[in-house]
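Colleague: Here you go, my_file16.pdb (PDB, C-alpha atoms, pLDDT in the B column):
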ATOM      1  CA  PHE A   1     -38.954 -88.517 -98.155  1.00 42.00           C
ATOM      2  CA  ASP A   2     -37.708 -86.077 -95.511  1.00 57.00           C
ATOM      3  CA  GLY A   3     -40.946 -84.127 -95.388  1.00 62.00           C
ATOM      4  CA  ASN A   4     -40.071 -82.195 -98.542  1.00 74.00           C
ATOM      5  CA  ILE A   5     -42.806 -80.062-100.018  1.00 82.00           C
ATOM      6  CA  PRO A   6     -43.016 -81.217-103.659  1.00 84.00           C
ATOM      7  CA  GLU A   7     -44.072 -77.795-104.939  1.00 87.00           C
ATOM      8  CA  LEU A   8     -40.740 -76.418-103.628  1.00 87.00           C
ATOM      9  CA  SER A   9     -38.545 -79.425-104.333  1.00 91.00           C
ATOM     10  CA  THR A  10     -36.834 -81.312-107.131  1.00 94.00           C
ATOM     11  CA  LEU A  11     -37.680 -84.834-108.214  1.00 95.00           C
ATOM     12  CA  VAL A  12     -35.166 -86.993-110.067  1.00 96.00           C
ATOM     13  CA  LEU A  13     -36.608 -89.859-112.084  1.00 94.00           C
ATOM     14  CA  CYS A  14     -33.878 -92.415-112.701  1.00 92.00           C
ATOM     15  CA  GLU A  15     -33.298 -95.984-113.816  1.00 88.00           C
ATOM     16  CA  GLY A  16     -32.732 -98.614-111.192  1.00 90.00           C
ATOM     17  CA  GLU A  17     -32.960 -98.797-107.454  1.00 93.00           C
ATOM     18  CA  ILE A  18     -29.163 -98.665-106.946  1.00 95.00           C
ATOM     19  CA  ASN A  19     -29.027 -95.340-108.784  1.00 95.00           C
ATOM     20  CA  ALA A  20     -31.948 -94.059-106.714  1.00 95.00           C
ATOM     21  CA  VAL A  21     -30.205 -95.049-103.474  1.00 96.00           C
ATOM     22  CA  SER A  22     -26.972 -93.411-104.660  1.00 96.00           C
ATOM     23  CA  ILE A  23     -28.786 -90.156-105.461  1.00 96.00           C
ATOM     24  CA  ARG A  24     -30.565 -90.252-102.135  1.00 93.00           C
ATOM     25  CA  GLN A  25     -27.290 -90.770-100.292  1.00 91.00           C
ATOM     26  CA  VAL A  26     -25.771 -87.482-101.497  1.00 91.00           C
ATOM     27  CA  SER A  27     -28.929 -85.386-101.596  1.00 88.00           C
ATOM     28  CA  ARG A  28     -30.496 -85.923 -98.204  1.00 78.00           C
ATOM     29  CA  ARG A  29     -32.072 -82.813 -96.785  1.00 81.00           C
ATOM     30  CA  SER A  30     -31.475 -80.667 -99.859  1.00 89.00           C
ATOM     31  CA  HIS A  31     -35.103 -80.772-101.031  1.00 92.00           C
ATOM     32  CA  LEU A  32     -34.436 -83.458-103.615  1.00 94.00           C
ATOM     33  CA  ASP A  33     -36.547 -86.587-103.900  1.00 94.00           C
ATOM     34  CA  VAL A  34     -35.803 -89.523-106.173  1.00 95.00           C
ATOM     35  CA  LEU A  35     -38.001 -92.101-107.836  1.00 93.00           C
ATOM     36  CA  SER A  36     -36.712 -95.145-109.704  1.00 91.00           C
ATOM     37  CA  MET A  37     -38.512 -96.062-112.898  1.00 86.00           C
ATOM     38  CA  GLY A  38     -37.100 -99.584-112.658  1.00 80.00           C
ATOM     39  CA  SER A  39     -35.061-100.980-115.515  1.00 73.00           C
ATOM     40  CA  GLN A  40     -34.121 -99.172-118.688  1.00 64.00           C
ATOM     41  CA  THR A  41     -37.061-100.691-120.537  1.00 64.00           C
ATOM     42  CA  ALA A  42     -39.612 -99.575-117.938  1.00 68.00           C
ATOM     43  CA  HIS A  43     -42.115 -96.921-118.864  1.00 77.00           C
ATOM     44  CA  ILE A  44     -43.347 -94.079-116.718  1.00 83.00           C
ATOM     45  CA  SER A  45     -46.726 -95.025-115.293  1.00 85.00           C
ATOM     46  CA  PRO A  46     -49.705 -92.660-115.012  1.00 89.00           C
ATOM     47  CA  ALA A  47     -49.259 -92.699-111.214  1.00 90.00           C
ATOM     48  CA  MET A  48     -45.623 -91.629-111.616  1.00 89.00           C
ATOM     49  CA  VAL A  49     -46.677 -88.833-113.963  1.00 91.00           C
ATOM     50  CA  ASP A  50     -49.273 -87.590-111.459  1.00 92.00           C
ATOM     51  CA  HIS A  51     -46.701 -87.707-108.665  1.00 91.00           C
ATOM     52  CA  ALA A  52     -44.000 -85.963-110.726  1.00 92.00           C
ATOM     53  CA  ARG A  53     -46.283 -83.111-111.775  1.00 91.00           C
ATOM     54  CA  ARG A  54     -46.490 -81.965-108.154  1.00 92.00           C
ATOM     55  CA  TYR A  55     -42.793 -80.966-108.110  1.00 93.00           C
ATOM     56  CA  ALA A  56     -41.346 -77.558-108.869  1.00 90.00           C
ATOM     57  CA  THR A  57     -38.592 -79.205-110.903  1.00 93.00           C
ATOM     58  CA  VAL A  58     -38.425 -82.672-112.443  1.00 95.00           C
ATOM     59  CA  ILE A  59     -35.182 -84.085-113.784  1.00 96.00           C
ATOM     60  CA  THR A  60     -35.279 -87.238-115.876  1.00 93.00           C
ATOM     61  CA  TRP A  61     -31.895 -88.952-115.700  1.00 92.00           C
ATOM     62  CA  LEU A  62     -31.781 -92.001-117.885  1.00 86.00           C
ATOM     63  CA  ASP A  63     -28.919 -93.806-119.575  1.00 80.00           C
ATOM     64  CA  GLU A  64     -30.131 -93.431-123.138  1.00 79.00           C
ATOM     65  CA  GLU A  65     -31.277 -90.309-124.925  1.00 81.00           C
ATOM     66  CA  ASP A  66     -34.271 -92.132-126.484  1.00 83.00           C
ATOM     67  CA  TYR A  67     -35.663 -92.924-123.026  1.00 82.00           C
ATOM     68  CA  VAL A  68     -35.081 -89.348-121.905  1.00 83.00           C
ATOM     69  CA  ARG A  69     -37.116 -88.090-124.886  1.00 84.00           C
ATOM     70  CA  LYS A  70     -39.918 -90.611-124.315  1.00 85.00           C
ATOM     71  CA  THR A  71     -40.200 -89.661-120.656  1.00 86.00           C
ATOM     72  CA  MET A  72     -40.128 -85.964-121.436  1.00 87.00           C
ATOM     73  CA  ALA A  73     -42.967 -86.483-123.923  1.00 88.00           C
ATOM     74  CA  VAL A  74     -45.250 -87.244-120.982  1.00 90.00           C
ATOM     75  CA  LEU A  75     -43.535 -84.699-118.687  1.00 89.00           C
ATOM     76  CA  PRO A  76     -42.956 -81.747-121.036  1.00 79.00           C
ATOM     77  CA  ASN A  77     -41.633 -79.415-118.330  1.00 88.00           C
ATOM     78  CA  ALA A  78     -39.021 -81.900-117.177  1.00 93.00           C
ATOM     79  CA  PHE A  79     -35.300 -81.284-117.583  1.00 95.00           C
ATOM     80  CA  GLY A  80     -33.791 -84.311-119.289  1.00 92.00           C
ATOM     81  CA  ILE A  81     -30.249 -85.558-118.968  1.00 90.00           C
ATOM     82  CA  LYS A  82     -28.447 -88.715-119.948  1.00 81.00           C
ATOM     83  CA  SER A  83     -25.631 -90.281-118.000  1.00 85.00           C
ATOM     84  CA  PRO A  84     -22.432 -88.267-118.575  1.00 86.00           C
ATOM     85  CA  GLY A  85     -19.892 -90.401-120.398  1.00 87.00           C
ATOM     86  CA  GLY A  86     -22.047 -93.428-119.654  1.00 86.00           C
ATOM     87  CA  ALA A  87     -21.530 -93.026-115.892  1.00 92.00           C
ATOM     88  CA  ASP A  88     -24.741 -93.609-113.959  1.00 93.00           C
ATOM     89  CA  ALA A  89     -25.448 -92.257-110.483  1.00 95.00           C
ATOM     90  CA  ASN A  90     -23.843 -95.195-108.707  1.00 95.00           C
ATOM     91  CA  LYS A  91     -20.654 -94.868-110.769  1.00 96.00           C
ATOM     92  CA  LEU A  92     -20.516 -91.110-110.096  1.00 96.00           C
ATOM     93  CA  LEU A  93     -21.008 -91.792-106.383  1.00 95.00           C
ATOM     94  CA  GLN A  94     -18.077 -94.211-106.407  1.00 95.00           C
ATOM     95  CA  GLN A  95     -15.972 -91.565-108.177  1.00 94.00           C
ATOM     96  CA  GLY A  96     -16.949 -88.911-105.606  1.00 92.00           C
ATOM     97  CA  GLN A  97     -18.626 -86.783-108.301  1.00 94.00           C
ATOM     98  CA  LEU A  98     -22.346 -87.396-107.793  1.00 96.00           C
ATOM     99  CA  GLY A  99     -23.123 -84.582-105.361  1.00 95.00           C
ATOM    100  CA  ALA A 100     -21.438 -81.958-107.525  1.00 95.00           C
ATOM    101  CA  PHE A 101     -23.095 -83.321-110.665  1.00 96.00           C
ATOM    102  CA  LEU A 102     -26.568 -83.213-109.119  1.00 96.00           C
ATOM    103  CA  ALA A 103     -26.075 -79.677-107.796  1.00 96.00           C
ATOM    104  CA  ALA A 104     -24.908 -78.498-111.235  1.00 96.00           C
ATOM    105  CA  VAL A 105     -27.835 -80.166-113.015  1.00 97.00           C
ATOM    106  CA  ARG A 106     -30.319 -78.743-110.520  1.00 96.00           C
ATOM    107  CA  PHE A 107     -28.881 -75.267-111.095  1.00 97.00           C
ATOM    108  CA  GLN A 108     -29.209 -75.711-114.877  1.00 96.00           C
ATOM    109  CA  ALA A 109     -32.758 -77.023-114.524  1.00 96.00           C
ATOM    110  CA  ALA A 110     -33.879 -74.006-112.489  1.00 94.00           C
ATOM    111  CA  ARG A 111     -36.171 -71.890-114.646  1.00 91.00           C
ATOM    112  CA  SER A 112     -35.597 -68.578-112.896  1.00 92.00           C
ATOM    113  CA  LEU A 113     -33.143 -66.672-110.763  1.00 93.00           C
ATOM    114  CA  TYR A 114     -35.512 -67.213-107.839  1.00 92.00           C
ATOM    115  CA  GLU A 115     -35.302 -71.013-108.281  1.00 93.00           C
ATOM    116  CA  GLN A 116     -31.504 -70.831-108.548  1.00 95.00           C
ATOM    117  CA  GLU A 117     -31.310 -68.802-105.344  1.00 94.00           C
ATOM    118  CA  ARG A 118     -33.689 -71.206-103.604  1.00 93.00           C
ATOM    119  CA  LEU A 119     -31.478 -74.142-104.598  1.00 95.00           C
ATOM    120  CA  TYR A 120     -28.413 -72.315-103.296  1.00 95.00           C
ATOM    121  CA  HIS A 121     -30.053 -71.814 -99.910  1.00 94.00           C
ATOM    122  CA  TYR A 122     -31.282 -75.413 -99.775  1.00 93.00           C
ATOM    123  CA  LEU A 123     -27.732 -76.599-100.377  1.00 95.00           C
ATOM    124  CA  LEU A 124     -26.354 -74.221 -97.742  1.00 94.00           C
ATOM    125  CA  ASP A 125     -28.930 -75.515 -95.268  1.00 92.00           C
ATOM    126  CA  ALA A 126     -27.817 -79.092 -96.017  1.00 92.00           C
ATOM    127  CA  VAL A 127     -24.215 -78.121 -95.185  1.00 92.00           C
ATOM    128  CA  ALA A 128     -25.258 -77.124 -91.673  1.00 91.00           C
ATOM    129  CA  LEU A 129     -27.106 -80.370 -90.925  1.00 88.00           C
ATOM    130  CA  PRO A 130     -25.485 -83.424 -89.330  1.00 87.00           C
ATOM    131  CA  GLY A 131     -23.513 -85.250 -92.006  1.00 85.00           C
ATOM    132  CA  GLY A 132     -23.362 -82.116 -94.141  1.00 88.00           C
ATOM    133  CA  VAL A 133     -22.582 -82.540 -97.820  1.00 91.00           C
ATOM    134  CA  ASP A 134     -19.760 -84.205 -99.710  1.00 89.00           C
ATOM    135  CA  ALA A 135     -16.710 -82.282-100.914  1.00 91.00           C
ATOM    136  CA  GLY A 136     -17.927 -82.135-104.511  1.00 91.00           C
ATOM    137  CA  THR A 137     -21.246 -80.624-103.491  1.00 93.00           C
ATOM    138  CA  MET A 138     -19.418 -78.089-101.323  1.00 94.00           C
ATOM    139  CA  GLU A 139     -17.289 -77.019-104.279  1.00 94.00           C
ATOM    140  CA  ARG A 140     -20.386 -76.721-106.474  1.00 95.00           C
ATOM    141  CA  ILE A 141     -22.120 -74.600-103.819  1.00 95.00           C
ATOM    142  CA  GLN A 142     -19.223 -72.160-104.062  1.00 95.00           C
ATOM    143  CA  VAL A 143     -19.493 -72.080-107.880  1.00 95.00           C
ATOM    144  CA  ILE A 144     -23.246 -71.460-107.655  1.00 96.00           C
ATOM    145  CA  GLY A 145     -22.685 -68.698-105.092  1.00 95.00           C
ATOM    146  CA  LYS A 146     -20.239 -66.943-107.418  1.00 94.00           C
ATOM    147  CA  ALA A 147     -22.635 -67.264-110.360  1.00 93.00           C
ATOM    148  CA  LEU A 148     -25.429 -65.720-108.295  1.00 94.00           C
ATOM    149  CA  GLU A 149     -23.163 -62.857-107.200  1.00 89.00           C
ATOM    150  CA  LYS A 150     -22.775 -61.901-110.871  1.00 79.00           C
ATOM    151  CA  PHE A 151     -26.562 -61.625-111.198  1.00 73.00           C
ATOM    152  CA  ALA A 152     -26.740 -59.418-108.107  1.00 66.00           C
ATOM    153  CA  LYS A 153     -24.421 -56.803-109.614  1.00 59.00           C
TER
END
Could you take the file, read its structure, and then write that structure out as structure tokens?
Modeller:
Amino acid sequence: FDGNIPELSTLVLCEGEINAVSIRQVSRRSHLDVLSMGSQTAHISPAMVDHARRYATVITWLDEEDYVRKTMAVLPNAFGIKSPGGADANKLLQQGQLGAFLAAVRFQAARSLYEQERLYHYLLDAVALPGGVDAGTMERIQVIGKALEKFAK
């Protein structure tokens, strides 16, 4: 963790350590933490539930819809997604699409305009840091900025 404050950050629960590392690679310093649940057959432990409940936003990203539903049963405020077109985080990273995908999902998972604006500023802050963000994330930041401009009018 980069010193993120869970109450102001997003947690992604995913399957597998490779997916967790891939997510971490494109989300550094954007107030996103990641926790691997292990293999697809792993269950969310009580300790994981306690940890996840501290976060402002929890995204469960699992390969199969059944596992998403089961995880969301113990984390009812979580935002559940399954791998788009069967592509997990590592595959999306290899395709150069992971950063943009995560930014879009985080924007969708935000429960208020305030949370959407906070995400936008977190992403802008990440741009200014050494290493910045990938091209896909940069494009998604622009899309989010335009969407927020519509709300401001």
Colleague: Work out how far apart atom CA of A:Thr71 and atom CA of A:Gly85 are and give it in Å to one decimal.
Modeller: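 One can read the atom CA of A:Thr71 to atom CA of A:Gly85 distance as 20.3 Å.
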Colleague: Please, what distance in Å, to one decimal, runs between atom CA of A:Ala52 and atom CA of A:Thr10?
Modeller: 9.3 Å
Colleague: Evaluate the PyMOL selection byres ((chain A and resi 83) around 9) on the structure here and hand back the selected residues as a ChimeraX atom specification.
Modeller: /A:61-65,81-82,84-89
Colleague: Provide the atom CA of A:Ala47 to atom CA of A:Leu13 distance in Å, to one decimal place.
Modeller: 13.0 Å
Colleague: Running the PyMOL selection byres ((chain A and resi 25-33) around 7) on this model by hand, what would come out? Give it as a list in words.
Modeller: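 Against this file, the PyMOL selection byres ((chain A and resi 25-33) around 7) returns the residues Phe1, Asp2, Asn4, Ser9, Thr10, Leu11, Val12, Val21, Ser22, Ile23, Arg24, Val34, Leu35, Gly99, Tyr122, Leu123, Ala126 and Val133 of chain A.
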Colleague: Since I can't run it myself right now, could you work out what the PyMOL selection byres ((chain A and resi 72) around 12) selects here and report it as a PDB file with C-alpha atoms, in the frame of the given file?
Modeller:
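For reference, expr_3.pdb as written:
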ATOM      1  CA  LEU A  13     -36.608 -89.859-112.084  1.00 94.00           C
ATOM      2  CA  HIS A  43     -42.115 -96.921-118.864  1.00 77.00           C
ATOM      3  CA  ILE A  44     -43.347 -94.079-116.718  1.00 83.00           C
ATOM      4  CA  VAL A  49     -46.677 -88.833-113.963  1.00 91.00           C
ATOM      5  CA  ALA A  52     -44.000 -85.963-110.726  1.00 92.00           C
ATOM      6  CA  ARG A  53     -46.283 -83.111-111.775  1.00 91.00           C
ATOM      7  CA  VAL A  58     -38.425 -82.672-112.443  1.00 95.00           C
ATOM      8  CA  ILE A  59     -35.182 -84.085-113.784  1.00 96.00           C
ATOM      9  CA  THR A  60     -35.279 -87.238-115.876  1.00 93.00           C
ATOM     10  CA  TRP A  61     -31.895 -88.952-115.700  1.00 92.00           C
ATOM     11  CA  LEU A  62     -31.781 -92.001-117.885  1.00 86.00           C
ATOM     12  CA  GLU A  65     -31.277 -90.309-124.925  1.00 81.00           C
ATOM     13  CA  ASP A  66     -34.271 -92.132-126.484  1.00 83.00           C
ATOM     14  CA  TYR A  67     -35.663 -92.924-123.026  1.00 82.00           C
ATOM     15  CA  VAL A  68     -35.081 -89.348-121.905  1.00 83.00           C
ATOM     16  CA  ARG A  69     -37.116 -88.090-124.886  1.00 84.00           C
ATOM     17  CA  LYS A  70     -39.918 -90.611-124.315  1.00 85.00           C
ATOM     18  CA  THR A  71     -40.200 -89.661-120.656  1.00 86.00           C
ATOM     19  CA  ALA A  73     -42.967 -86.483-123.923  1.00 88.00           C
ATOM     20  CA  VAL A  74     -45.250 -87.244-120.982  1.00 90.00           C
ATOM     21  CA  LEU A  75     -43.535 -84.699-118.687  1.00 89.00           C
ATOM     22  CA  PRO A  76     -42.956 -81.747-121.036  1.00 79.00           C
ATOM     23  CA  ASN A  77     -41.633 -79.415-118.330  1.00 88.00           C
ATOM     24  CA  ALA A  78     -39.021 -81.900-117.177  1.00 93.00           C
ATOM     25  CA  PHE A  79     -35.300 -81.284-117.583  1.00 95.00           C
ATOM     26  CA  GLY A  80     -33.791 -84.311-119.289  1.00 92.00           C
ATOM     27  CA  ILE A  81     -30.249 -85.558-118.968  1.00 90.00           C
TER      28      ILE A  81
END
Colleague: Would you mind listing what lies within 10 Å of A:Ala110 as a PDB file with C-alpha atoms, keeping the file's coordinate frame, with only C-alpha atoms counted and same-chain residues fewer than 2 positions away left out?
Modeller:
ATOM      1  CA  THR A  10     -36.834 -81.312-107.131  1.00 94.00           C
ATOM      2  CA  ALA A  56     -41.346 -77.558-108.869  1.00 90.00           C
ATOM      3  CA  THR A  57     -38.592 -79.205-110.903  1.00 93.00           C
ATOM      4  CA  VAL A  58     -38.425 -82.672-112.443  1.00 95.00           C
ATOM      5  CA  PHE A  79     -35.300 -81.284-117.583  1.00 95.00           C
ATOM      6  CA  VAL A 105     -27.835 -80.166-113.015  1.00 97.00           C
ATOM      7  CA  ARG A 106     -30.319 -78.743-110.520  1.00 96.00           C
ATOM      8  CA  PHE A 107     -28.881 -75.267-111.095  1.00 97.00           C
ATOM      9  CA  GLN A 108     -29.209 -75.711-114.877  1.00 96.00           C
ATOM     10  CA  SER A 112     -35.597 -68.578-112.896  1.00 92.00           C
ATOM     11  CA  LEU A 113     -33.143 -66.672-110.763  1.00 93.00           C
ATOM     12  CA  TYR A 114     -35.512 -67.213-107.839  1.00 92.00           C
ATOM     13  CA  GLU A 115     -35.302 -71.013-108.281  1.00 93.00           C
ATOM     14  CA  GLN A 116     -31.504 -70.831-108.548  1.00 95.00           C
ATOM     15  CA  GLU A 117     -31.310 -68.802-105.344  1.00 94.00           C
ATOM     16  CA  ARG A 118     -33.689 -71.206-103.604  1.00 93.00           C
ATOM     17  CA  LEU A 119     -31.478 -74.142-104.598  1.00 95.00           C
TER      18      LEU A 119
END
Colleague: For A:Thr137, which residue among A:Gln97, A:His121, A:Met37, A:Ile5 is the nearest when counting only C-alpha atoms?
Modeller: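 Checking each candidate against A:Thr137, we get A:Gln97 as the closest.
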Colleague: Using only C-alpha atoms, pick whichever of A:Leu92, A:Leu129, A:Met48, A:Leu124 has the shortest atom-to-atom distance to A:Gln142.
Modeller: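 Using only C-alpha atoms, the shortest distance to A:Gln142 belongs to A:Leu124.
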Colleague: I'd like the contact shell of A:Gly38 - 8 Å cut-off, all atoms listed in the file, skipping same-chain residues fewer than 6 positions apart - returned as a ChimeraX atom specification.
Modeller: /A:14-17
Colleague: I need the residues from that last selection saved to file as a compact mmCIF listing (two decimals), in the frame of the given file (with C-alpha atoms), if you can.
Modeller:
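out.txt was written with the following content:
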# COMPACT_ATOMS: atom_id res chain seq x y z
CA CYS A 14 -33.88 -92.42 -112.70
CA GLU A 15 -33.30 -95.98 -113.82
CA GLY A 16 -32.73 -98.61 -111.19
CA GLU A 17 -32.96 -98.80 -107.45
Colleague: Skip A:Ile144 itself and residues of its chain fewer than 2 positions away, then list as an MDAnalysis selection string all residues within 9 Å of it, counting all atoms listed in the file.
Modeller: chainID A and resid 103:104 107 116:117 120 139:142 146:149
Colleague: What box, with edges along x, y and z, holds each listed atom of stretch 81-91 of chain A when 6 Å is added on every side, and can you state its centre and edge lengths in Å to one decimal, as JSON?
Modeller:
{"center_x": -25.1, "center_y": -90.4, "center_z": -114.6, "size_x": 22.4, "size_y": 21.6, "size_z": 23.7}
